[in-house]
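S.K.: After the structure tokens below, expect a handful of questions from me.
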Amino acid sequence: MCYFWGMKSMNSITLREWLQQRPFTLTMSSGFFSFFAHCGVVSVLEEEGLFPARITGSSSGAMIGAGWAAGCSAQLLRDFAFSLQKEDFWDPGLGLGLLRGRLFRRLINQIAPVQRIEKCPIPLTVSVYDILARQTVAVNEGPLAEMVYASCAMPGFFQPVRINGRFYADGGIKDRPGLVGVPDGERVFYHHIASRSPWRRKNSPSLRVPQRPNMVTLAVPNLTRANPNALENGRLAFAQARAALQSALDQPISAP
């Protein structure tokens with residue numbers, strides 16, 4: 001079962017039909033170690049030949065979105081996620097965060113077929129948070145590994161990164177959905193990961209599923225969560241998201 005949101009005027013068509021009608025943007029949200037679930041969604045889209053015209057994302061959504069946009073197959077992304085071990089990215093060091101992030105960036109550089117965002121075969125935009133300006137920035141050019149790391153640099157966990165004299169951190173700080181770089185009215189298929197962060201206020205807008213014209217949202221309830229000490233949970237999250245999208249493709253789009 002999945003939660004599935006669209007627009008009331010779309011009730012008579014299925015998600016598959018909607019995705020096939022015209023070009024769409026795939027947007028994937030933040031979610032601590034939820035890249036496994038995003039990978040499950042990407043695997044179904046690739047199998048069905050439903051490729052987006054553009055990809056946007058924040059944090060874990062930026063990570064998988066960047067890999068797919070850069071030219072990695074869904075199978076390669078799945079194998080990468082399933083093979084990940086804590087020691088592959090665990091590099092504690094002094095700084096404003098537990099992990100320095102050097103191993104993380106090395107992983108992205110090793111797997112990505114291109115090294116710069118603007119070289120991606122599928123246009124890519126990732127959300128990062130400019131610490132000094134205190135605002136989210138939508139980035140569609142620059143070093144891919146550095147910008148993906150910046151988008152994933154959750155405060156307290158990963159240290160911020162300095163790029164061209166600016167300090168950046170997790171895009172999910174103020175843009176959990178990864179929609180800041182998406183123009184109004186653009187057709188969007190959005191994969192939403194519900195926040196379980198203890199530091200967000202109970203009624204924070206960041207906890208709500210965003211609503212906007214021409215956007216269809218897939219959200220999987222009770223999604224299994226992985227973390228650095230339970231990466232094996234990611235396999236189940238992958239399967240849950242994959243099954244949810246497979247089922248949703250032939251369901252009529254409905255309003256919340």
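Chain labels A, B, ... are given in the sequence in which chains occur in the structure tokens; within each chain residues are numbered consecutively from 1, and ligands are likewise numbered from 1 in the order shown.
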Quick one: residues within 7 Å of Pro160 of chain A, only C-alpha atoms counted, chain neighbours fewer than 3 positions away excluded, as a CSV table (one decimal) with all heavy atoms, in the first residue's frame?
M.R.:
chain,number,residue,atom,x,y,z
A,96,LEU,N,33.1,20.8,12.6
A,96,LEU,CA,31.7,21.0,12.9
A,96,LEU,C,30.8,19.9,12.4
A,96,LEU,O,30.0,20.0,11.5
A,96,LEU,CB,31.2,22.4,12.3
A,96,LEU,CG,32.0,23.6,12.8
A,96,LEU,CD1,31.5,24.8,12.0
A,96,LEU,CD2,31.8,23.8,14.3
A,150,ALA,N,27.7,18.1,-0.2
A,150,ALA,CA,27.1,19.3,0.5
A,150,ALA,C,25.6,19.1,0.7
A,150,ALA,O,25.1,19.4,1.8
A,150,ALA,CB,27.4,20.6,-0.4
A,153,ALA,N,25.2,16.9,3.7
A,153,ALA,CA,26.0,17.2,4.9
A,153,ALA,C,25.1,17.6,6.1
A,153,ALA,O,25.0,18.8,6.5
A,153,ALA,CB,27.0,18.2,4.6
A,167,PHE,N,30.4,28.2,2.3
A,167,PHE,CA,30.2,27.0,3.1
A,167,PHE,C,28.8,26.5,3.0
A,167,PHE,O,27.8,27.2,3.1
A,167,PHE,CB,30.5,27.4,4.6
A,167,PHE,CG,32.0,27.6,4.9
A,167,PHE,CD1,32.5,28.9,4.8
A,167,PHE,CD2,32.8,26.6,5.2
A,167,PHE,CE1,33.8,29.1,5.1
A,167,PHE,CE2,34.1,26.8,5.5
A,167,PHE,CZ,34.7,28.1,5.4
A,168,TYR,N,28.7,25.2,2.6
A,168,TYR,CA,27.5,24.6,2.3
A,168,TYR,C,27.2,23.4,3.3
A,168,TYR,O,28.1,22.7,3.7
A,168,TYR,CB,27.4,24.1,0.9
A,168,TYR,CG,27.5,25.2,-0.1
A,168,TYR,CD1,28.7,25.3,-0.8
A,168,TYR,CD2,26.5,26.0,-0.4
A,168,TYR,CE1,28.8,26.3,-1.8
A,168,TYR,CE2,26.6,27.0,-1.3
A,168,TYR,CZ,27.7,27.2,-2.0
A,168,TYR,OH,27.8,28.2,-3.0
A,169,ALA,N,25.9,23.1,3.5
A,169,ALA,CA,25.5,22.0,4.3
A,169,ALA,C,24.2,21.4,3.7
A,169,ALA,O,23.8,21.8,2.6
A,169,ALA,CB,25.2,22.4,5.8
S.K.: Identify, with DSSP run on backbone atoms, the residues in segment 19-164 of chain A assigned to alpha helix (DSSP H), and express the list as a count of residues only.
M.R.: 56
S.K.: May I ask which of the residues A:Val41, A:Leu132, A:Ala62, A:Cys72 is the closest one to Gln110 of chain A, counting only C-alpha atoms?
M.R.: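 Among the listed residues, A:Cys72 lies closest to Gln110 of chain A.
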S.K.: For Val128 of chain A, work out the shell of residues within 8 Å, counting only C-alpha atoms and skipping chain neighbours fewer than 4 positions away, then give it as a list in words.
M.R.: Ser58, Thr136, Val137, Ala138, Val139, Met147, Ala150, Ser151, Tyr168, Ala169, Asp170, Gly171 and Gly172 of chain A
S.K.: Please provide as a ChimeraX atom specification all residues within 10 Å of segment 76-93 of chain A, with the sequence filter that same-chain residues fewer than 6 positions apart are discarded (counting only C-alpha atoms).
M.R.: /A:35-36,38-40,42-43,64,67-68,99-107,111-112,157-159,227-235,238
S.K.: Could you write those residues out with N, CA and C atoms, as an mmCIF file, in the first residue's frame?
M.R.:
data_model
loop_
_atom_site.group_PDB
_atom_site.id
_atom_site.type_symbol
_atom_site.label_atom_id
_atom_site.label_comp_id
_atom_site.auth_asym_id
_atom_site.auth_seq_id
_atom_site.Cartn_x
_atom_site.Cartn_y
_atom_site.Cartn_z
ATOM 1 N N PHE A 35 18.317 6.678 0.925
ATOM 2 C CA PHE A 35 18.686 6.526 -0.480
ATOM 3 C C PHE A 35 18.344 5.131 -0.997
ATOM 4 N N PHE A 36 18.208 4.159 -0.102
ATOM 5 C CA PHE A 36 17.797 2.822 -0.518
ATOM 6 C C PHE A 36 16.395 2.863 -1.150
ATOM 7 N N HIS A 38 14.852 5.524 -2.445
ATOM 8 C CA HIS A 38 14.926 6.251 -3.714
ATOM 9 C C HIS A 38 15.455 5.344 -4.819
ATOM 10 N N CYS A 39 16.407 4.504 -4.469
ATOM 11 C CA CYS A 39 16.974 3.569 -5.434
ATOM 12 C C CYS A 39 15.909 2.601 -5.935
ATOM 13 N N GLY A 40 15.012 2.176 -5.040
ATOM 14 C CA GLY A 40 13.914 1.301 -5.450
ATOM 15 C C GLY A 40 12.994 1.960 -6.446
ATOM 16 N N VAL A 42 13.804 4.462 -8.529
ATOM 17 C CA VAL A 42 14.550 4.611 -9.782
ATOM 18 C C VAL A 42 14.593 3.288 -10.554
ATOM 19 N N SER A 43 14.721 2.175 -9.836
ATOM 20 C CA SER A 43 14.807 0.875 -10.512
ATOM 21 C C SER A 43 13.543 0.560 -11.296
ATOM 22 N N ILE A 64 21.045 9.725 -4.880
ATOM 23 C CA ILE A 64 20.600 8.764 -5.885
ATOM 24 C C ILE A 64 20.245 9.470 -7.183
ATOM 25 N N GLY A 67 23.422 10.085 -9.090
ATOM 26 C CA GLY A 67 23.958 8.864 -9.685
ATOM 27 C C GLY A 67 23.237 8.478 -10.957
ATOM 28 N N TRP A 68 21.915 8.546 -10.924
ATOM 29 C CA TRP A 68 21.125 8.178 -12.112
ATOM 30 C C TRP A 68 21.317 9.209 -13.223
ATOM 31 N N LEU A 99 31.709 13.436 11.035
ATOM 32 C CA LEU A 99 32.467 12.863 9.921
ATOM 33 C C LEU A 99 33.005 13.952 9.006
ATOM 34 N N ARG A 100 34.234 13.755 8.518
ATOM 35 C CA ARG A 100 34.848 14.739 7.632
ATOM 36 C C ARG A 100 34.245 14.712 6.236
ATOM 37 N N GLY A 101 33.745 13.566 5.805
ATOM 38 C CA GLY A 101 33.110 13.467 4.497
ATOM 39 C C GLY A 101 34.039 13.170 3.341
ATOM 40 N N ARG A 102 35.325 12.975 3.613
ATOM 41 C CA ARG A 102 36.267 12.693 2.526
ATOM 42 C C ARG A 102 35.982 11.338 1.887
ATOM 43 N N LEU A 103 35.683 10.343 2.710
ATOM 44 C CA LEU A 103 35.374 9.020 2.171
ATOM 45 C C LEU A 103 34.068 9.045 1.382
ATOM 46 N N PHE A 104 33.099 9.812 1.849
ATOM 47 C CA PHE A 104 31.829 9.951 1.130
ATOM 48 C C PHE A 104 32.060 10.510 -0.270
ATOM 49 N N ARG A 105 32.833 11.574 -0.353
ATOM 50 C CA ARG A 105 33.102 12.189 -1.653
ATOM 51 C C ARG A 105 33.895 11.248 -2.558
ATOM 52 N N ARG A 106 34.791 10.472 -1.955
ATOM 53 C CA ARG A 106 35.547 9.504 -2.745
ATOM 54 C C ARG A 106 34.615 8.445 -3.346
ATOM 55 N N LEU A 107 33.624 8.006 -2.570
ATOM 56 C CA LEU A 107 32.659 7.029 -3.073
ATOM 57 C C LEU A 107 31.895 7.572 -4.272
ATOM 58 N N ILE A 111 31.975 6.105 -8.278
ATOM 59 C CA ILE A 111 30.831 5.502 -8.957
ATOM 60 C C ILE A 111 30.300 6.357 -10.101
ATOM 61 N N ALA A 112 30.441 7.671 -10.033
ATOM 62 C CA ALA A 112 29.842 8.564 -11.026
ATOM 63 C C ALA A 112 30.620 8.555 -12.338
ATOM 64 N N PHE A 157 26.408 15.601 11.822
ATOM 65 C CA PHE A 157 26.825 14.276 11.358
ATOM 66 C C PHE A 157 27.979 14.407 10.364
ATOM 67 N N PHE A 158 27.749 15.157 9.287
ATOM 68 C CA PHE A 158 28.811 15.452 8.330
ATOM 69 C C PHE A 158 29.262 16.898 8.501
ATOM 70 N N GLN A 159 30.530 17.142 8.346
ATOM 71 C CA GLN A 159 31.051 18.501 8.419
ATOM 72 C C GLN A 159 30.664 19.289 7.167
ATOM 73 N N ASN A 227 20.257 3.026 8.961
ATOM 74 C CA ASN A 227 21.136 3.994 9.607
ATOM 75 C C ASN A 227 22.543 3.399 9.573
ATOM 76 N N PRO A 228 23.553 4.157 9.974
ATOM 77 C CA PRO A 228 24.925 3.638 9.861
ATOM 78 C C PRO A 228 25.151 2.305 10.548
ATOM 79 N N ASN A 229 24.363 2.026 11.595
ATOM 80 C CA ASN A 229 24.527 0.770 12.324
ATOM 81 C C ASN A 229 23.511 -0.291 11.931
ATOM 82 N N ALA A 230 22.683 0.020 10.937
ATOM 83 C CA ALA A 230 21.686 -0.940 10.465
ATOM 84 C C ALA A 230 21.486 -0.758 8.959
ATOM 85 N N LEU A 231 22.576 -0.801 8.237
ATOM 86 C CA LEU A 231 22.508 -0.632 6.788
ATOM 87 C C LEU A 231 21.735 -1.766 6.121
ATOM 88 N N GLU A 232 21.681 -2.931 6.773
ATOM 89 C CA GLU A 232 20.951 -4.051 6.194
ATOM 90 C C GLU A 232 19.456 -3.761 6.055
ATOM 91 N N ASN A 233 18.932 -2.813 6.836
ATOM 92 C CA ASN A 233 17.526 -2.428 6.707
ATOM 93 C C ASN A 233 17.232 -1.798 5.355
ATOM 94 N N GLY A 234 18.268 -1.292 4.714
ATOM 95 C CA GLY A 234 18.092 -0.644 3.422
ATOM 96 C C GLY A 234 17.541 -1.577 2.359
ATOM 97 N N ARG A 235 17.863 -2.846 2.433
ATOM 98 C CA ARG A 235 17.362 -3.803 1.443
ATOM 99 C C ARG A 235 15.841 -3.907 1.497
ATOM 100 N N PHE A 238 14.347 -0.648 0.088
ATOM 101 C CA PHE A 238 14.400 -0.729 -1.375
ATOM 102 C C PHE A 238 13.222 -1.531 -1.900
#
S.K.: Report the distance between atom CA of Gln251 of chain A and atom CA of Thr25 of chain A in Å, rounded to one decimal place.
M.R.: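 Between these atoms lies a distance of 19.8 Å.
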S.K.: Set the distance at 9 Å and use only C-alpha atoms: which residues neighbour Val44 of chain A once local chain neighbours fewer than 4 positions away are removed? I'd like the list as a ChimeraX atom specification.
M.R.: /A:39-40,48-50,74,242-243,245-246
S.K.: Which polymer residues have any atom within 7 Å of an atom of Pro143 of chain A, counting only C-alpha atoms, with same-chain residues fewer than 4 positions away left out, as a ChimeraX atom specification?
M.R.: /A:115-117,147
S.K.: I'd like the contact shell of Arg166 of chain A - 9 Å cut-off, only C-alpha atoms, skipping same-chain residues fewer than 5 positions apart - returned as a PDB file with C-alpha atoms, in the first residue's frame.
M.R.:
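Written output follows (out.pdb):
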ATOM      1  CA  ASP A 130      24.450  28.238   1.982  1.00  0.00           C
ATOM      2  CA  ILE A 131      25.394  28.660   5.635  1.00  0.00           C
ATOM      3  CA  LEU A 132      26.571  32.280   5.468  1.00  0.00           C
ATOM      4  CA  VAL A 161      32.076  21.742   2.901  1.00  0.00           C
TER       5      VAL A 161
END
S.K.: Mind listing the strand (DSSP E) residues of segment 19-88 of chain A, per DSSP on the backbone, as a PyMOL selection string?
M.R.: chain A and resi 25-28+54-58
S.K.: One decimal, Å: what's the distance from atom CA of Ser254 of chain A over to atom CA of Val180 of chain A, could you say?
M.R.: 24.4 Å
S.K.: How many Å separate atom CA of Gln135 of chain A from atom CA of Lys174 of chain A?
M.R.: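 We find that atom CA of Gln135 of chain A and atom CA of Lys174 of chain A lie 7.5 Å from each other.
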S.K.: Go through A:Pro113, A:Pro121, A:His191, A:Thr217 one by one, measure the shortest atom-to-atom distance of each to Ala241 of chain A using only C-alpha atoms, and give the residue with the smallest value.
M.R.: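 Between A:Pro113, A:Pro121, A:His191, A:Thr217, the residue approaching Ala241 of chain A most closely is A:His191.
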S.K.: When distances are computed from only C-alpha atoms, which of A:Arg54, A:Ser29, A:Ala226, A:Trp18 shows the smallest separation from Ser195 of chain A?
M.R.: A:Ser29
